[in-house]
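For reference, target_9.cif is printed below; it contains mmCIF, C-alpha atoms.
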```cif
data_target
loop_
_atom_site.group_PDB
_atom_site.id
_atom_site.type_symbol
_atom_site.label_atom_id
_atom_site.label_comp_id
_atom_site.auth_asym_id
_atom_site.auth_seq_id
_atom_site.Cartn_x
_atom_site.Cartn_y
_atom_site.Cartn_z
ATOM 1 C CA MET A 1437 78.418 92.908 133.926
ATOM 2 C CA THR A 1438 77.571 94.661 137.207
ATOM 3 C CA ARG A 1439 80.558 96.254 138.917
ATOM 4 C CA SER A 1440 80.819 95.884 142.678
ATOM 5 C CA TRP A 1441 82.001 98.951 144.592
ATOM 6 C CA ASP A 1442 82.048 97.398 148.048
ATOM 7 C CA LYS A 1443 84.418 94.446 147.726
ATOM 8 C CA GLU A 1444 86.610 95.585 150.634
ATOM 9 C CA ARG A 1445 83.608 96.122 152.900
ATOM 10 C CA LYS A 1446 82.205 92.687 152.087
ATOM 11 C CA ALA A 1447 85.621 91.071 152.614
ATOM 12 C CA ARG A 1448 85.917 92.750 156.016
ATOM 13 C CA GLN A 1449 82.422 91.630 157.022
ATOM 14 C CA LYS A 1450 83.291 88.080 156.050
ATOM 15 C CA ARG A 1451 86.264 88.204 158.428
ATOM 16 C CA VAL A 1452 84.103 89.686 161.185
ATOM 17 C CA ASP A 1453 81.500 86.965 160.749
ATOM 18 C CA ALA A 1454 84.201 84.286 160.919
ATOM 19 C CA GLY A 1455 85.707 85.827 164.057
ATOM 20 C CA GLU A 1456 82.397 86.143 165.880
ATOM 21 C CA ARG A 1457 82.263 82.362 166.213
ATOM 22 C CA PHE A 1458 85.003 82.719 168.834
ATOM 23 C CA SER A 1459 83.822 85.871 170.610
ATOM 24 C CA ARG A 1460 81.036 87.322 172.659
ATOM 25 C CA GLY A 1461 80.367 90.679 171.132
ATOM 26 C CA LYS A 1462 83.833 92.100 170.501
ATOM 27 C CA VAL A 1463 85.502 90.072 173.270
ATOM 28 C CA ILE A 1464 87.430 87.003 172.061
ATOM 29 C CA ASP A 1465 87.680 83.960 174.310
ATOM 30 C CA PRO A 1466 91.458 83.890 175.058
ATOM 31 C CA SER A 1467 91.521 80.088 174.950
ATOM 32 C CA LYS A 1468 90.257 80.226 171.347
ATOM 33 C CA LEU A 1469 92.574 82.959 170.096
ATOM 34 C CA THR A 1470 94.562 80.772 167.697
ATOM 35 C CA ASN A 1471 91.351 79.367 166.207
ATOM 36 C CA PHE A 1472 90.059 82.915 165.884
ATOM 37 C CA LEU A 1473 93.175 84.030 164.014
ATOM 38 C CA GLN A 1474 93.033 81.061 161.696
ATOM 39 C CA ALA A 1475 89.409 81.932 160.916
ATOM 40 C CA VAL A 1476 89.925 85.637 160.144
ATOM 41 C CA LEU A 1477 93.247 85.384 158.309
ATOM 42 C CA GLN A 1478 93.870 84.269 154.743
ATOM 43 C CA ALA A 1479 97.039 83.040 153.085
ATOM 44 C CA GLY A 1480 98.990 85.956 151.642
ATOM 45 C CA ASP A 1481 97.417 88.569 153.916
ATOM 46 C CA ARG A 1482 99.359 91.676 154.865
ATOM 47 C CA VAL A 1483 99.466 91.646 158.671
ATOM 48 C CA CYS A 1484 100.726 94.184 161.168
ATOM 49 C CA LEU A 1485 101.681 92.399 164.374
ATOM 50 C CA GLU A 1486 102.386 95.398 166.559
ATOM 51 C CA GLY A 1487 105.960 95.373 167.723
ATOM 52 C CA ASP A 1488 107.665 98.681 168.291
ATOM 53 C CA ASN A 1489 110.263 100.174 170.598
ATOM 54 C CA GLN A 1490 107.849 100.379 173.508
ATOM 55 C CA LYS A 1491 105.367 97.521 173.615
ATOM 56 C CA GLN A 1492 104.718 94.158 172.023
ATOM 57 C CA ALA A 1493 101.505 92.322 171.141
ATOM 58 C CA ASP A 1494 103.119 89.220 172.596
ATOM 59 C CA PHE A 1495 99.965 87.207 173.350
ATOM 60 C CA LEU A 1496 98.758 87.712 169.787
ATOM 61 C CA ALA A 1497 102.231 86.837 168.486
ATOM 62 C CA ARG A 1498 102.309 83.526 170.359
ATOM 63 C CA ALA A 1499 98.822 82.634 169.156
ATOM 64 C CA LEU A 1500 99.746 83.471 165.570
ATOM 65 C CA THR A 1501 102.717 81.090 165.643
ATOM 66 C CA ARG A 1502 100.273 78.249 166.417
ATOM 67 C CA VAL A 1503 98.076 78.542 163.339
ATOM 68 C CA ASP A 1504 98.281 75.755 160.772
ATOM 69 C CA PRO A 1505 100.924 76.800 158.179
ATOM 70 C CA SER A 1506 99.234 74.624 155.580
ATOM 71 C CA VAL A 1507 96.222 76.940 155.869
ATOM 72 C CA ILE A 1508 97.730 80.298 156.859
ATOM 73 C CA ASN A 1509 100.973 80.959 155.005
ATOM 74 C CA HIS A 1510 102.881 83.535 152.958
ATOM 75 C CA LEU A 1511 101.779 86.337 155.267
ATOM 76 C CA HIS A 1512 103.353 89.721 154.576
ATOM 77 C CA ILE A 1513 104.394 91.112 157.959
ATOM 78 C CA VAL A 1514 104.535 94.899 158.245
ATOM 79 C CA GLN A 1515 105.634 96.316 161.598
ATOM 80 C CA SER A 1516 108.078 98.744 163.171
ATOM 81 C CA GLY A 1517 110.256 96.351 165.124
ATOM 82 C CA ILE A 1518 111.281 92.704 165.025
ATOM 83 C CA VAL A 1519 111.831 92.183 168.734
ATOM 84 C CA LEU A 1520 110.330 88.923 169.998
ATOM 85 C CA PRO A 1521 111.472 85.402 169.075
ATOM 86 C CA GLU A 1522 107.903 84.768 167.887
ATOM 87 C CA HIS A 1523 108.320 87.451 165.231
ATOM 88 C CA LEU A 1524 110.975 85.247 163.618
ATOM 89 C CA ASP A 1525 109.217 81.963 164.392
ATOM 90 C CA LEU A 1526 106.496 83.025 161.956
ATOM 91 C CA PHE A 1527 109.041 82.883 159.122
ATOM 92 C CA GLU A 1528 110.782 79.717 160.243
ATOM 93 C CA LEU A 1529 107.425 77.935 160.523
ATOM 94 C CA GLY A 1530 106.369 79.006 157.038
ATOM 95 C CA ILE A 1531 103.457 81.120 158.287
ATOM 96 C CA ALA A 1532 104.985 84.385 157.065
ATOM 97 C CA LYS A 1533 107.202 85.030 154.055
ATOM 98 C CA LYS A 1534 107.611 88.744 153.309
ATOM 99 C CA LEU A 1535 108.769 91.452 155.720
ATOM 100 C CA ASP A 1536 108.708 95.242 155.812
ATOM 101 C CA PHE A 1537 110.074 96.767 159.010
ATOM 102 C CA SER A 1538 112.119 99.575 160.549
ATOM 103 C CA TYR A 1539 114.487 97.958 163.056
ATOM 104 C CA SER A 1540 115.295 94.560 164.522
ATOM 105 C CA SER A 1541 117.078 95.448 167.777
ATOM 106 C CA PRO A 1542 117.897 92.211 169.686
ATOM 107 C CA GLN A 1543 116.864 90.036 166.724
ATOM 108 C CA GLY A 1544 119.109 91.741 164.160
ATOM 109 C CA ALA A 1545 121.535 88.846 163.686
ATOM 110 C CA ALA A 1546 118.695 86.326 163.502
ATOM 111 C CA VAL A 1547 116.925 88.392 160.821
ATOM 112 C CA ALA A 1548 120.128 88.368 158.766
ATOM 113 C CA ARG A 1549 120.420 84.580 159.094
ATOM 114 C CA LEU A 1550 116.832 84.065 157.949
ATOM 115 C CA LEU A 1551 117.415 86.368 154.985
ATOM 116 C CA ASN A 1552 120.481 84.377 153.975
ATOM 117 C CA LYS A 1553 118.564 81.104 154.315
ATOM 118 C CA GLY A 1554 115.741 82.411 152.150
ATOM 119 C CA ASN A 1555 113.112 82.183 154.878
ATOM 120 C CA VAL A 1556 112.415 85.898 154.587
ATOM 121 C CA GLU A 1557 111.640 87.899 151.474
ATOM 122 C CA LEU A 1558 112.587 91.470 152.316
ATOM 123 C CA GLY A 1559 110.301 94.229 151.153
ATOM 124 C CA ALA A 1560 112.310 97.103 152.612
ATOM 125 C CA ILE A 1561 113.844 98.476 155.798
ATOM 126 C CA HIS A 1562 112.005 101.758 156.347
ATOM 127 C CA THR A 1563 112.381 104.844 158.436
ATOM 128 C CA TYR A 1564 109.560 105.158 160.934
ATOM 129 C CA ILE A 1565 108.003 108.119 159.119
ATOM 130 C CA GLU A 1566 108.079 106.317 155.785
ATOM 131 C CA LEU A 1567 106.487 103.196 157.242
ATOM 132 C CA PHE A 1568 103.783 105.198 159.016
ATOM 133 C CA GLY A 1569 102.933 106.950 155.751
ATOM 134 C CA ARG A 1570 102.869 103.754 153.742
ATOM 135 C CA TYR A 1571 100.412 102.159 156.170
ATOM 136 C CA TYR A 1572 97.923 104.481 154.451
ATOM 137 C CA MET A 1573 99.090 103.737 150.920
ATOM 138 C CA ASP A 1574 100.526 100.463 149.675
ATOM 139 C CA LEU A 1575 101.325 98.685 152.967
ATOM 140 C CA THR A 1576 97.905 98.888 154.613
ATOM 141 C CA PRO A 1577 97.287 95.765 156.728
ATOM 142 C CA HIS A 1578 94.417 93.440 155.903
ATOM 143 C CA VAL A 1579 94.562 92.522 159.586
ATOM 144 C CA ALA A 1580 96.157 94.630 162.329
ATOM 145 C CA LEU A 1581 97.059 92.932 165.609
ATOM 146 C CA VAL A 1582 97.732 95.738 168.088
ATOM 147 C CA VAL A 1583 98.150 96.171 171.824
ATOM 148 C CA ALA A 1584 96.817 98.568 174.455
ATOM 149 C CA ARG A 1585 96.616 98.869 178.229
ATOM 150 C CA GLN A 1586 92.843 98.633 178.623
ATOM 151 C CA ALA A 1587 89.642 98.335 176.638
ATOM 152 C CA ASP A 1588 85.948 98.504 177.369
ATOM 153 C CA ARG A 1589 83.500 96.054 175.841
ATOM 154 C CA GLN A 1590 82.714 98.466 173.036
ATOM 155 C CA GLY A 1591 86.324 98.239 171.868
ATOM 156 C CA ASN A 1592 87.463 101.696 172.960
ATOM 157 C CA LEU A 1593 91.174 101.561 173.800
ATOM 158 C CA TYR A 1594 93.349 103.235 176.405
ATOM 159 C CA THR A 1595 96.985 102.973 175.387
ATOM 160 C CA GLY A 1596 98.476 104.523 178.532
ATOM 161 C CA PRO A 1597 101.953 106.078 178.255
ATOM 162 C CA ASN A 1598 103.018 103.580 175.595
ATOM 163 C CA THR A 1599 101.205 104.926 172.555
ATOM 164 C CA GLU A 1600 103.884 104.760 169.831
ATOM 165 C CA ASP A 1601 102.412 103.803 166.422
ATOM 166 C CA THR A 1602 99.128 102.199 167.577
ATOM 167 C CA PRO A 1603 96.787 105.016 166.441
ATOM 168 C CA THR A 1604 98.405 105.132 162.992
ATOM 169 C CA ILE A 1605 98.130 101.375 162.470
ATOM 170 C CA VAL A 1606 94.511 101.259 163.617
ATOM 171 C CA GLU A 1607 93.345 104.270 161.623
ATOM 172 C CA ALA A 1608 95.019 103.141 158.395
ATOM 173 C CA THR A 1609 93.644 99.605 158.707
ATOM 174 C CA ALA A 1610 90.107 100.629 159.650
ATOM 175 C CA PHE A 1611 89.942 103.306 156.926
ATOM 176 C CA LYS A 1612 90.545 100.671 154.220
ATOM 177 C CA ASN A 1613 88.177 98.084 155.710
ATOM 178 C CA GLY A 1614 90.855 95.973 157.351
ATOM 179 C CA LEU A 1615 90.261 94.025 160.543
ATOM 180 C CA VAL A 1616 91.614 95.421 163.837
ATOM 181 C CA VAL A 1617 92.232 93.106 166.800
ATOM 182 C CA ALA A 1618 93.599 94.478 170.078
ATOM 183 C CA GLN A 1619 95.344 92.629 172.892
ATOM 184 C CA VAL A 1620 94.759 94.373 176.228
ATOM 185 C CA ASN A 1621 95.831 93.883 179.814
ATOM 186 C CA ASP A 1622 92.346 94.544 181.203
ATOM 187 C CA ILE A 1623 88.766 94.874 180.028
ATOM 188 C CA VAL A 1624 87.056 97.483 182.198
ATOM 189 C CA ASP A 1625 83.764 99.361 182.432
ATOM 190 C CA HIS A 1626 85.313 102.827 182.480
ATOM 191 C CA LEU A 1627 88.580 103.864 180.786
ATOM 192 C CA PRO A 1628 90.846 106.639 182.135
ATOM 193 C CA ARG A 1629 90.578 108.141 178.640
ATOM 194 C CA VAL A 1630 89.774 106.958 175.128
ATOM 195 C CA ASP A 1631 92.864 107.007 172.904
ATOM 196 C CA ILE A 1632 91.375 104.952 170.057
ATOM 197 C CA GLN A 1633 87.648 104.838 169.405
ATOM 198 C CA GLY A 1634 85.848 101.524 169.439
ATOM 199 C CA ASP A 1635 84.317 101.998 166.004
ATOM 200 C CA GLN A 1636 87.816 101.397 164.600
ATOM 201 C CA VAL A 1637 88.380 98.213 166.637
ATOM 202 C CA ASP A 1638 86.658 94.967 165.655
ATOM 203 C CA PHE A 1639 87.775 92.587 168.402
ATOM 204 C CA ILE A 1640 89.600 92.651 171.725
ATOM 205 C CA VAL A 1641 91.227 89.902 173.759
ATOM 206 C CA GLN A 1642 92.475 90.039 177.332
ATOM 207 C CA SER A 1643 95.971 88.644 177.729
ATOM 208 C CA PRO A 1644 96.647 86.336 180.691
ATOM 209 C CA LYS A 1645 99.524 88.630 181.653
ATOM 210 C CA PRO A 1646 100.561 92.234 180.898
ATOM 211 C CA PHE A 1647 102.112 92.814 177.495
ATOM 212 C CA TYR A 1648 105.876 92.777 177.157
ATOM 213 C CA ILE A 1649 107.486 96.202 177.248
ATOM 214 C CA GLU A 1650 110.585 96.614 175.103
ATOM 215 C CA PRO A 1651 112.619 99.037 177.235
ATOM 216 C CA LEU A 1652 114.401 100.945 174.504
ATOM 217 C CA PHE A 1653 112.536 104.065 175.514
ATOM 218 C CA THR A 1654 112.069 104.764 179.195
ATOM 219 C CA ARG A 1655 110.045 107.223 181.178
ATOM 220 C CA ASP A 1656 111.359 105.866 184.461
ATOM 221 C CA PRO A 1657 115.091 106.357 185.182
ATOM 222 C CA ALA A 1658 114.850 103.609 187.809
ATOM 223 C CA ASN A 1659 114.566 101.112 184.951
ATOM 224 C CA VAL A 1660 117.937 102.022 183.434
ATOM 225 C CA THR A 1661 120.235 99.054 184.000
ATOM 226 C CA GLU A 1662 123.904 98.874 184.941
ATOM 227 C CA THR A 1663 124.688 97.822 181.360
ATOM 228 C CA GLN A 1664 123.230 101.031 179.947
ATOM 229 C CA ILE A 1665 125.039 103.075 182.588
ATOM 230 C CA LEU A 1666 128.355 101.421 181.650
ATOM 231 C CA MET A 1667 127.706 102.129 177.963
ATOM 232 C CA ALA A 1668 126.933 105.743 178.818
ATOM 233 C CA MET A 1669 130.181 106.096 180.817
ATOM 234 C CA MET A 1670 132.166 104.672 177.896
ATOM 235 C CA ALA A 1671 130.508 107.078 175.439
ATOM 236 C CA ILE A 1672 131.130 110.102 177.654
ATOM 237 C CA LYS A 1673 134.768 109.320 178.348
ATOM 238 C CA GLY A 1674 135.714 107.730 175.038
ATOM 239 C CA ILE A 1675 133.776 109.896 172.559
ATOM 240 C CA TYR A 1676 132.251 113.032 174.036
ATOM 241 C CA ALA A 1677 135.306 114.023 176.082
ATOM 242 C CA GLU A 1678 137.725 112.992 173.338
ATOM 243 C CA TYR A 1679 136.032 115.029 170.612
ATOM 244 C CA GLY A 1680 134.392 117.763 172.656
ATOM 245 C CA VAL A 1681 130.862 116.915 171.521
ATOM 246 C CA LYS A 1682 128.547 119.758 172.493
ATOM 247 C CA ARG A 1683 125.389 119.267 170.435
ATOM 248 C CA LEU A 1684 123.299 116.162 171.010
ATOM 249 C CA ASN A 1685 120.140 114.755 169.457
ATOM 250 C CA HIS A 1686 119.396 111.804 171.676
ATOM 251 C CA GLY A 1687 115.695 111.132 171.986
ATOM 252 C CA ILE A 1688 115.140 109.066 175.106
ATOM 253 C CA GLY A 1689 116.604 105.692 174.190
ATOM 254 C CA PHE A 1690 117.909 103.756 177.174
ATOM 255 C CA SER A 1691 121.616 104.146 176.505
ATOM 256 C CA THR A 1692 121.361 107.788 175.576
ATOM 257 C CA ALA A 1693 119.037 108.514 178.477
ATOM 258 C CA ALA A 1694 121.660 107.050 180.775
ATOM 259 C CA ILE A 1695 124.212 109.441 179.252
ATOM 260 C CA GLU A 1696 122.065 112.418 180.087
ATOM 261 C CA LEU A 1697 121.273 111.139 183.542
ATOM 262 C CA ILE A 1698 124.927 110.712 184.559
ATOM 263 C CA LEU A 1699 126.276 113.910 182.995
ATOM 264 C CA PRO A 1700 125.806 115.906 186.258
ATOM 265 C CA SER A 1701 127.643 113.210 188.243
ATOM 266 C CA PHE A 1702 130.114 111.206 186.138
ATOM 267 C CA GLY A 1703 130.587 113.984 183.589
ATOM 268 C CA ALA A 1704 131.215 116.580 186.282
ATOM 269 C CA LYS A 1705 133.656 114.253 188.051
ATOM 270 C CA LEU A 1706 135.707 114.116 184.844
ATOM 271 C CA GLY A 1707 135.814 117.912 184.769
ATOM 272 C CA LEU A 1708 133.564 118.125 181.682
ATOM 273 C CA ARG A 1709 130.896 120.510 182.987
ATOM 274 C CA GLY A 1710 130.335 123.190 180.345
ATOM 275 C CA LYS A 1711 132.742 121.440 177.930
ATOM 276 C CA ILE A 1712 130.466 118.750 176.474
ATOM 277 C CA ALA A 1713 126.725 118.249 175.893
ATOM 278 C CA THR A 1714 125.861 121.906 176.265
ATOM 279 C CA HIS A 1715 123.026 121.807 173.729
ATOM 280 C CA CYS A 1716 120.533 118.932 173.667
ATOM 281 C CA SER A 1717 117.534 118.009 171.559
ATOM 282 C CA GLU A 1718 115.646 115.360 173.511
ATOM 283 C CA SER A 1719 112.783 114.473 175.782
ATOM 284 C CA ALA A 1720 111.862 117.158 178.273
ATOM 285 C CA SER A 1721 112.132 114.450 180.939
ATOM 286 C CA TYR A 1722 115.907 114.736 180.837
ATOM 287 C CA ALA A 1723 116.486 118.270 179.607
ATOM 288 C CA ASP A 1724 117.736 119.478 182.990
ATOM 289 C CA SER A 1725 120.684 117.093 182.840
ATOM 290 C CA CYS A 1726 122.215 119.100 179.983
ATOM 291 C CA HIS A 1727 122.490 122.307 181.995
#
```

Encoding of this model in structure tokens:
Amino acid sequence: MTRSWDKERKARQKRVDAGERFSRGKVIDPSKLTNFLQAVLQAGDRVCLEGDNQKQADFLARALTRVDPSVINHLHIVQSGIVLPEHLDLFELGIAKKLDFSYSSPQGAAVARLLNKGNVELGAIHTYIELFGRYYMDLTPHVALVVARQADRQGNLYTGPNTEDTPTIVEATAFKNGLVVAQVNDIVDHLPRVDIQGDQVDFIVQSPKPFYIEPLFTRDPANVTETQILMAMMAIKGIYAEYGVKRLNHGIGFSTAAIELILPSFGAKLGLRGKIATHCSESASYADSCH
């Protein structure tokens, strides 16, 4: 019996050949995206549908919910965040069954309901670092559906300021002969820079509108809402002032960013200057607010 050493490579090429029926070169016809996904996916595949705390592959998510569940089913979804309604629709429709993720943010209660109903088989709830590492080991996607700002026709990607876990997902998938499909806002001739090389990206599709940004992490204080500001005021007055909290490890999440932004104003008005939040570990964008 002759042993084959290139099963993964042949399986990947079979997916590429199936997908090329709906593309010109690497560029998928957006109107045929659902048909494309149904052609390249197989029941039981491990799929990363990029959803994190910055950006969402929303066009790909909507298209995936429209595949025929009698053909594409029991998918194993592996992704950082369960954020969009479509992420849960996959389980309610019977397209996906198993889930490994890190956080569920606005969909937390809905995830719990689906678990109780038996629609979701939970693999594990991971830390980000653990999930990133396991992309390279036992949770490598057969198909990765990612998102970027721009692409050229060779498949090179520009992720812009919202990079998050895209390079990790793409590299892990491509290294083990998985298929990488990227949703982009624009297909251009010249990218501002190449964040992910085109030899790791099999197909690209231009979304009819810019991808959805999940504003948990902000680089623009103007986007912080009144709700986050109110939460920050409550935390400062009810917790930091009450317990004299001086050392913070915030990151730049919206609510915590609002805390740092209003320390020089609201915090100072309460007479807390020099009494709370004197040492911060966070984004450099907001470091000045702690001094």

Inset, instruction - Using the chain letters and numbers from the file, give me the residues hit by the PyMOL selection byres ((chain A and resi 1698) around 10), as a ChimeraX atom specification. - result: /A:1665,1668-1669,1672,1693-1697,1699-1704,1725-1726

Legend entry - Given only C-alpha atoms as the counted atoms, nearest of A:Leu1581, A:Ile1513, A:Ile1640, A:Val1463 to Thr1609 in chain A: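 For Thr1609 in chain A, the nearest of the candidates is A:Leu1581.
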
Legend entry - For Gly1530 in chain A, the nearest of the candidates A:His1512, A:Ala1546, A:Asn1555, A:Tyr1648, counting only C-alpha atoms: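 The shortest atom-to-atom distance to Gly1530 in chain A comes from A:Asn1555.
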
Inset, instruction - One decimal, Å: what's the distance from CA of Asn1471 in chain A over to CA of Ala1447 in chain A, could you say? - result: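 According to the coordinates, CA of Asn1471 in chain A and CA of Ala1447 in chain A are separated by 18.8 Å.
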
Inset, instruction - Choose the residue, out of A:Val1660, A:Asn1509, A:Glu1600, A:Gln1515, that has the smallest atom-to-atom separation from Glu1528 in chain A; count all atoms listed in the file. - result: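 The answer is A:Asn1509, which sits nearest to Glu1528 in chain A.
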
Legend entry - Output of the PyMOL selection byres ((chain A and resi 1629) around 12), listed as a list in words: Arg1585, Gln1586, Ala1587, Asp1588, Asn1592, Leu1593, Tyr1594, Thr1595, Gly1596, Pro1597, Val1624, Asp1625, His1626, Leu1627, Pro1628, Val1630, Asp1631, Ile1632 and Gln1633 of chain A

Legend entry - Within 10 Å of Glu1522 in chain A using only C-alpha atoms, minus same-chain residues under 2 positions, as a list in words: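 Here the answer would be Asp1494, Phe1495, Leu1496, Ala1497, Arg1498, Ala1499, Leu1500, Thr1501, Ile1518, Val1519, Leu1520, Leu1524, Asp1525, Leu1526, Phe1527 and Glu1528 of chain A.
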
Legend entry - For CA of Val1620 in chain A and CA of Phe1647 in chain A, the interatomic separation in Å (one decimal):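 Calculated distance between CA of Val1620 in chain A and CA of Phe1647 in chain A is 7.6 Å.
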
Inset, instruction - Could you check which of A:Thr1438, A:Gln1492, A:Asn1621, A:Thr1576 is closest to Ile1649 in chain A, using all atoms listed in the file? - result: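 When distances to Ile1649 in chain A are compared using all atoms listed in the file, the smallest one comes from A:Gln1492.
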
Legend entry - Point-to-point distance in Å for CA of Ile1464 in chain A and CA of Phe1611 in chain A: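 These atoms are spaced 22.4 Å apart.
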
Legend entry - Selection near range 1677-1682 of chain A, 9 Å with all atoms listed in the file, sequence-local residues under 5 positions removed, as a PyMOL selection string: chain A and resi 1671-1672+1703+1706+1708+1710-1716

Legend entry - Among listed residues A:Ala1584, A:Ala1610, A:Val1514, A:Val1556, nearest Asn1598 in chain A (using all atoms listed in the file): A:Ala1584

Restricted to C-alpha atoms, what does range 1439-1509 of chain A look like when written out as a compact mmCIF listing (two decimals), in the first residue's frame?
```txt
# COMPACT_ATOMS: atom_id res chain seq x y z
CA ARG A 1439 1.25 6.02 1.69
CA SER A 1440 0.23 9.52 0.67
CA TRP A 1441 2.13 12.38 2.32
CA ASP A 1442 0.20 15.24 0.75
CA LYS A 1443 -3.40 14.63 1.79
CA GLU A 1444 -3.80 18.11 3.29
CA ARG A 1445 -2.37 19.79 0.20
CA LYS A 1446 -4.67 17.83 -2.10
CA ALA A 1447 -7.67 18.59 0.12
CA ARG A 1448 -6.84 22.30 0.02
CA GLN A 1449 -6.46 22.25 -3.76
CA LYS A 1450 -9.83 20.57 -4.07
CA ARG A 1451 -11.39 23.45 -2.12
CA VAL A 1452 -9.56 26.00 -4.26
CA ASP A 1453 -10.76 24.35 -7.45
CA ALA A 1454 -14.35 24.35 -6.16
CA GLY A 1455 -14.13 28.02 -5.17
CA GLU A 1456 -12.68 29.15 -8.48
CA ARG A 1457 -16.02 28.44 -10.14
CA PHE A 1458 -17.31 31.56 -8.38
CA SER A 1459 -14.28 33.83 -8.73
CA ARG A 1460 -12.09 35.59 -11.22
CA GLY A 1461 -8.58 34.90 -10.07
CA LYS A 1462 -8.75 35.38 -6.31
CA VAL A 1463 -11.70 37.79 -6.43
CA ILE A 1464 -15.08 36.22 -5.56
CA ASP A 1465 -18.23 37.59 -7.17
CA PRO A 1466 -20.06 39.04 -4.10
CA SER A 1467 -23.44 37.94 -5.47
CA LYS A 1468 -22.21 34.33 -5.47
CA LEU A 1469 -20.61 34.33 -2.02
CA THR A 1470 -23.05 31.89 -0.41
CA ASN A 1471 -22.65 29.47 -3.33
CA PHE A 1472 -18.89 29.84 -3.01
CA LEU A 1473 -18.98 29.00 0.70
CA GLN A 1474 -21.19 26.00 0.12
CA ALA A 1475 -18.71 24.77 -2.49
CA VAL A 1476 -15.54 25.12 -0.40
CA LEU A 1477 -16.93 23.99 2.95
CA GLN A 1478 -17.64 20.46 4.12
CA ALA A 1479 -19.86 19.20 6.92
CA GLY A 1480 -17.91 19.01 10.16
CA ASP A 1481 -15.26 21.53 9.12
CA ARG A 1482 -13.51 23.63 11.73
CA VAL A 1483 -14.17 27.24 10.69
CA CYS A 1484 -12.86 30.52 12.03
CA LEU A 1485 -15.36 33.26 11.25
CA GLU A 1486 -13.35 36.25 12.37
CA GLY A 1487 -15.12 38.06 15.15
CA ASP A 1488 -13.02 39.82 17.74
CA ASN A 1489 -13.20 42.91 19.91
CA GLN A 1490 -12.41 45.22 17.02
CA LYS A 1491 -13.87 44.07 13.72
CA GLN A 1492 -16.31 41.55 12.33
CA ALA A 1493 -16.39 39.59 9.07
CA ASP A 1494 -20.07 40.46 8.88
CA PHE A 1495 -20.59 40.01 5.12
CA LEU A 1496 -19.06 36.54 5.30
CA ALA A 1497 -21.16 35.78 8.39
CA ARG A 1498 -24.41 36.69 6.65
CA ALA A 1499 -23.49 34.62 3.60
CA LEU A 1500 -22.60 31.64 5.79
CA THR A 1501 -26.02 31.68 7.46
CA ARG A 1502 -27.59 31.16 4.00
CA VAL A 1503 -25.89 27.90 3.09
CA ASP A 1504 -28.05 24.78 2.96
CA PRO A 1505 -27.88 23.14 6.44
CA SER A 1506 -28.66 19.78 4.89
CA VAL A 1507 -25.34 20.06 3.05
CA ILE A 1508 -23.18 22.18 5.36
CA ASN A 1509 -23.73 21.26 9.00
```
